[in-house]
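Written below as C-alpha cells is the structure these notes are about.
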Amino acid sequence: MVTGGCGYIGSHTIIALIESGKYDVVSVDNCARSTAEAMRRVKEITGVEVKNHQVDICDRDAFFRVFEEEGDIAGVIHFAAYKAVGESVEKPIMYYRNNLGTMMNVLEACGKYHVKHLLFSSSASVYGDIKDLPVTELTPLGEAFCPYAHTKQICEGMIRSEIVADKELTALILRYFNPVGAHPSGLNGELSPDKPNNLIPIIMQVASGKMTQMAVFGTDYDTRDGSCIRDYLHVCDVADAHVKAMEYLMDGRNTERCEVFNIGSGNGLSVLEMLDAAEKAVGHKLNYVLGDRRPGDVPAIYSDSRRANELLGWHCQYNVHDMMESAWKWEKHVGLELRTKN
Ligand code: UD1
C-alpha cells in the first residue's frame, strides 16, 4: 500500500514498484494535493492499472475499511502529508492535524492488520541548520525551523514508540534531500501549485514563459559562489530507493526494528549551478535576478549517503542534466496537455 500514491514521489514510487515486478500495488490518496490523473499516467507508463482509494487517511474508519477490502497488505509506504514550508508557518494546526493524524492512523492500522513493513517519508529538514557537513544519519536533529519539519520529527518519534509496542512491525525512516525532475518519458512529474515555492518548478515556469522572472535567493552566503547549496536528486532515484528499502526489510537484512537512511545524492549544488544546468537543458538563457536571502533558508546542506549506498545497495543513476532535461520535458508535456484541453 502506498499512501499519497497520486503525489509526486508516490506516483514515481508506484511506477518503480511495478517495474520491479515484485509487487501488487494499491494507493490511498484523497487527492487533496494531487489528482487521480496520476494513476492514468502510471498506467500509460507501466501498462498496469493501480487502484486509488480516494479516502482521507485522517478518517480512521474509512482508512481501516480499505484494509478490510484489500486483505493482506505486506507493506505500507507512507507518503501522504502536506509539505509546503511556508503554508505550515501560516497554518500550523492544519499541518499537525493532517501529518500527525495520518501517521497515527497508519501506525494503528499496521498493528490492527498485522502489517510487517513500513517505510516513512521523512525529510532532511529534521536536521535543522547544520554546520557539520555532510549530514549523516547520526547527526543530531536540530531545532525544527517550521511546523512542517516539526511534524516530520514527531512522526519519526511516533514510529519509534510504536515499534516497541507492535512487535510485528519493522520500519525505515527515509530522510529525503531535494527530489527533483520527472519520469524520463516526460509523462509523469510534479503538479506544482500555480505559484510554486521550490526551485525547479520555478525555473521551469520561467523557462516556459509562465513566469516572467525569478530571483536567486541570496548571493552573499559563505559558499563557493555565494548562493545556497542543496543536495538535489532525481525523483526516479528516490523512487528506486523505496523499492530497495522495501526489499531490505522483506529480506530481513535490517539489524534494528527501526532504521534511518538519508536519501540524497551526496553532492551539493548551488542555485547558480542549477540555473546553469537548467539553461543548458532548455537551450536558452533564463531571466533571473540576484535577490535577497529567503528567510528560513540554511546556507548549505547535503547528505552523506554511504549508509544507503552500502546497506540498501542504492546509488543514484541520474545526474543533474537528467534532472533538468526530464523536468523540462514534463513542463512542456503539461503545457501541451493544458492547451489541448482548453
Ligand atoms: C524546501 C524545504 C524542505 C522541503 C522541501 C520540499 C525550506 C527551508 N526547506 O527545501 O523542508 O522538504 O522544500 O518541499 O524551505 N531558491 C531560489 N529562488 C527561488 C526558489 C528557491 O534561489 O525562486 C533557492 C532556495 O533559496 C534554496 C534552493 O533554491 O536555496 C532550493 O529551494 P527549494 O526548492 O524551496 O528547497 P529547500 O528550501 O531546500
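Within each chain, counting starts at residue 1; across the C-alpha cells, chains are named A, B, ... in the order shown, with ligands numbered 1 upward in that order.
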
Contacts with ligand 1 at most 6 Å, only C-alpha atoms and all ligand atoms counted, listed as an mmCIF file with N, CA and C atoms, in the first residue's frame:
```
data_model
loop_
_atom_site.group_PDB
_atom_site.id
_atom_site.type_symbol
_atom_site.label_atom_id
_atom_site.label_comp_id
_atom_site.auth_asym_id
_atom_site.auth_seq_id
_atom_site.Cartn_x
_atom_site.Cartn_y
_atom_site.Cartn_z
ATOM 1 N N LYS A 83 3.304 19.366 2.611
ATOM 2 C CA LYS A 83 4.756 19.551 2.584
ATOM 3 C C LYS A 83 5.246 20.959 2.255
ATOM 4 N N ALA A 84 4.336 21.930 2.279
ATOM 5 C CA ALA A 84 4.788 23.286 1.928
ATOM 6 C C ALA A 84 5.234 24.033 3.187
ATOM 7 N N VAL A 85 6.493 24.392 3.200
ATOM 8 C CA VAL A 85 7.086 25.008 4.389
ATOM 9 C C VAL A 85 6.350 26.295 4.778
ATOM 10 N N SER A 123 12.249 13.875 6.034
ATOM 11 C CA SER A 123 12.862 14.970 5.269
ATOM 12 C C SER A 123 14.158 15.409 5.929
ATOM 13 N N SER A 125 14.873 18.179 6.418
ATOM 14 C CA SER A 125 14.572 19.348 7.259
ATOM 15 C C SER A 125 14.578 18.988 8.749
ATOM 16 N N ASN A 197 6.807 27.008 -4.935
ATOM 17 C CA ASN A 197 7.772 27.535 -3.962
ATOM 18 C C ASN A 197 9.156 26.956 -4.160
ATOM 19 N N ASN A 198 9.226 25.827 -4.831
ATOM 20 C CA ASN A 198 10.514 25.125 -4.932
ATOM 21 C C ASN A 198 11.259 25.531 -6.200
ATOM 22 N N LEU A 199 12.563 25.383 -6.125
ATOM 23 C CA LEU A 199 13.435 25.924 -7.163
ATOM 24 C C LEU A 199 13.145 25.383 -8.581
ATOM 25 N N ILE A 202 9.920 26.448 -10.264
ATOM 26 C CA ILE A 202 10.003 27.879 -10.591
ATOM 27 C C ILE A 202 10.872 28.075 -11.841
ATOM 28 N N MET A 214 12.545 35.258 -12.176
ATOM 29 C CA MET A 214 12.735 34.685 -10.836
ATOM 30 C C MET A 214 13.965 35.308 -10.186
ATOM 31 N N ALA A 215 14.096 35.014 -8.883
ATOM 32 C CA ALA A 215 15.255 35.564 -8.162
ATOM 33 C C ALA A 215 16.074 34.428 -7.566
ATOM 34 N N VAL A 216 17.369 34.643 -7.499
ATOM 35 C CA VAL A 216 18.245 33.757 -6.728
ATOM 36 C C VAL A 216 18.185 34.297 -5.303
ATOM 37 N N PHE A 217 17.719 33.451 -4.391
ATOM 38 C CA PHE A 217 17.525 33.934 -3.022
ATOM 39 C C PHE A 217 18.849 33.969 -2.257
ATOM 40 N N CYS A 228 22.901 29.440 -2.148
ATOM 41 C CA CYS A 228 22.699 28.279 -1.247
ATOM 42 C C CYS A 228 23.032 26.957 -1.930
ATOM 43 N N ARG A 230 22.319 22.831 -2.014
ATOM 44 C CA ARG A 230 21.382 21.761 -1.642
ATOM 45 C C ARG A 230 21.809 20.469 -2.339
ATOM 46 N N VAL A 271 22.497 27.178 -6.185
ATOM 47 C CA VAL A 271 21.376 27.662 -7.006
ATOM 48 C C VAL A 271 21.904 28.124 -8.371
ATOM 49 N N ARG A 294 16.135 34.335 1.340
ATOM 50 C CA ARG A 294 14.780 33.953 1.750
ATOM 51 C C ARG A 294 14.838 33.579 3.232
ATOM 52 N N GLY A 296 14.628 31.759 6.607
ATOM 53 C CA GLY A 296 14.470 30.340 6.954
ATOM 54 C C GLY A 296 15.392 29.421 6.168
ATOM 55 N N ASP A 297 16.060 29.939 5.128
ATOM 56 C CA ASP A 297 16.952 29.074 4.334
ATOM 57 C C ASP A 297 18.261 28.811 5.081
#
```

Open item on the list: Please list as a list in words every residue within 9 Å of stretch 135-145 of chain A, counting only C-alpha atoms and excluding residues in the same chain fewer than 5 positions away.
Closed with: Ala124, Ser125, Val126, Tyr127, Gly128, Asp129, Ile130, His150, Thr151, Gln153, Arg175, Val260, Phe261, Asn262, Gly296, Ile301, Tyr302, Ser303, Asp304, Ser305, Arg306 and Arg307 of chain A

- [ ] Check stretch 197-295 of chain A with DSSP on the backbone and list each residue it calls alpha helix (DSSP H), as an MDAnalysis selection string.
- [x] chainID A and resid 199:208 235:250 271:282

Open item on the list: If DSSP is run on the backbone, what residues of stretch 97-322 of chain A are strand (DSSP E)? A reply as a ChimeraX atom specification would be ideal.
Closed with: /A:117-123,170-176,178-180,214-217,229-230,232-234,258-263,269-270,288-291

Open item on the list: I need the residue nearest A:Gly181 from this list: A:Tyr113, A:Trp314, A:Tyr232, A:Tyr288. Use only C-alpha atoms for the distance.
Closed with: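 Ranked by minimum distance to A:Gly181, first place goes to A:Tyr232.
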
Open item on the list: Quick one: residues within 12 Å of A:Glu273, only C-alpha atoms, excluding same-chain residues fewer than 5 positions away - as a PyMOL selection string?
Closed with: chain A and resi 216+223-232+268+278-280+320-321+324

Task: Counting only C-alpha atoms, the option among A:Ala80, A:Ala182, A:Cys258, A:Ala277 closest to A:Ala239 - done: A:Ala182

Please, which residues in stretch 173-273 of chain A fall within 10 Å of stretch 2-23 of chain A when counting only C-alpha atoms, and what is the closest atom pair and distance in Å to one decimal for each, ordered by chain then residue number, as CSV?
```
residue,atom,partner,partner_atom,distance
A:Pro179,CA,A:Ile9,CA,8.1
A:Val180,CA,A:Ile9,CA,9.4
A:Gly181,CA,A:Tyr8,CA,10.0
A:Ala182,CA,A:His12,CA,8.4
A:His183,CA,A:His12,CA,7.3
A:Asn188,CA,A:His12,CA,7.6
A:Gly189,CA,A:Tyr8,CA,6.2
A:Glu190,CA,A:Tyr8,CA,5.0
A:Leu191,CA,A:Tyr8,CA,7.2
A:Ser192,CA,A:Tyr8,CA,9.3
A:Val235,CA,A:Ile9,CA,6.5
A:Cys236,CA,A:His12,CA,6.3
A:Asp237,CA,A:Thr13,CA,9.3
A:Val238,CA,A:Ile9,CA,7.5
A:Ala239,CA,A:Thr13,CA,4.2
A:Asp240,CA,A:Ala16,CA,6.1
A:Ala241,CA,A:Thr13,CA,8.7
A:His242,CA,A:Thr13,CA,6.8
A:Val243,CA,A:Leu17,CA,5.9
A:Lys244,CA,A:Leu17,CA,9.5
A:Met246,CA,A:Leu17,CA,9.5
A:Glu247,CA,A:Lys22,CA,9.6
```

Grab the residues selected above and save them as a tab-separated table (two decimals), in the first residue's frame with C-alpha atoms.
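That gives us out29.tsv:
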```
chain	number	residue	atom	x	y	z
A	179	PRO	CA	13.89	15.34	-5.03
A	180	VAL	CA	13.51	16.99	-8.44
A	181	GLY	CA	12.95	16.10	-12.08
A	182	ALA	CA	10.33	13.91	-13.71
A	183	HIS	CA	9.94	10.50	-15.29
A	188	ASN	CA	4.77	11.97	-15.08
A	189	GLY	CA	6.08	14.72	-12.87
A	190	GLU	CA	5.25	17.19	-10.17
A	191	LEU	CA	1.96	19.04	-10.39
A	192	SER	CA	3.03	22.34	-8.93
A	235	VAL	CA	12.77	11.62	-8.28
A	236	CYS	CA	13.24	8.25	-10.05
A	237	ASP	CA	16.30	7.63	-7.87
A	238	VAL	CA	14.17	8.44	-4.82
A	239	ALA	CA	11.54	6.00	-6.10
A	240	ASP	CA	14.19	3.32	-6.58
A	241	ALA	CA	15.38	3.87	-3.01
A	242	HIS	CA	11.90	2.80	-1.82
A	243	VAL	CA	11.98	-0.41	-3.83
A	244	LYS	CA	15.40	-1.24	-2.37
A	246	MET	CA	11.26	-2.44	1.00
A	247	GLU	CA	13.38	-5.36	-0.21
```

- [ ] May I ask for the distance between atom CA of A:Pro196 and atom CA of A:Glu331, given in Å to one decimal place?
- [x]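 If I compute the distance from atom CA of A:Pro196 to atom CA of A:Glu331, I get 12.9 Å.
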
Task: Point-to-point distance in Å for atom CA of A:Ile263 and atom CA of A:Lys195 - done: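 Separation of atom CA of A:Lys195 and atom CA of A:Ile263: 26.7 Å.
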
Task: Selected residue of minimal separation from A:Gly264 among A:Leu233, A:Met1, A:Val106, A:Leu100, counting only C-alpha atoms - done: A:Leu233

- [ ] Identify, on the basis of only C-alpha atoms, every residue whose closest approach to A:Glu108 does not exceed 12 Å; exclude the query and any residue fewer than 5 positions from it along the same chain; express the result as a VMD selection string.
- [x] chain A and resid 57 to 58 60 to 61 63 to 64 67 101 to 103 113 to 115 118 158 to 159 161 to 163 165 to 166 169

Task: Polymer residues at most 12 Å from A:Lys210, only C-alpha atoms, same-chain spacing of 3 or more positions, as a ChimeraX atom specification - done: /A:194-196,201-207,213-214,287,331-332,334-335

Task: Length of the atom CA of A:Trp328 to atom CA of A:Phe79 vector [Å] - done: 24.7 Å

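Contact shell of A:Thr255 at 12 Å (only C-alpha atoms; same-chain neighbours under 6 positions omitted): Thr170, Ala171, Leu172, Tyr248, Leu249 and Leu311 of chain A.
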
Open item on the list: I'd like the neighbourhood of stretch 48-52 of chain A as a PyMOL selection string, where a residue qualifies if any of its atoms comes within 6 Å (using only C-alpha atoms), though same-chain residues fewer than 6 positions away should be ignored.
Closed with: chain A and resi 26-28
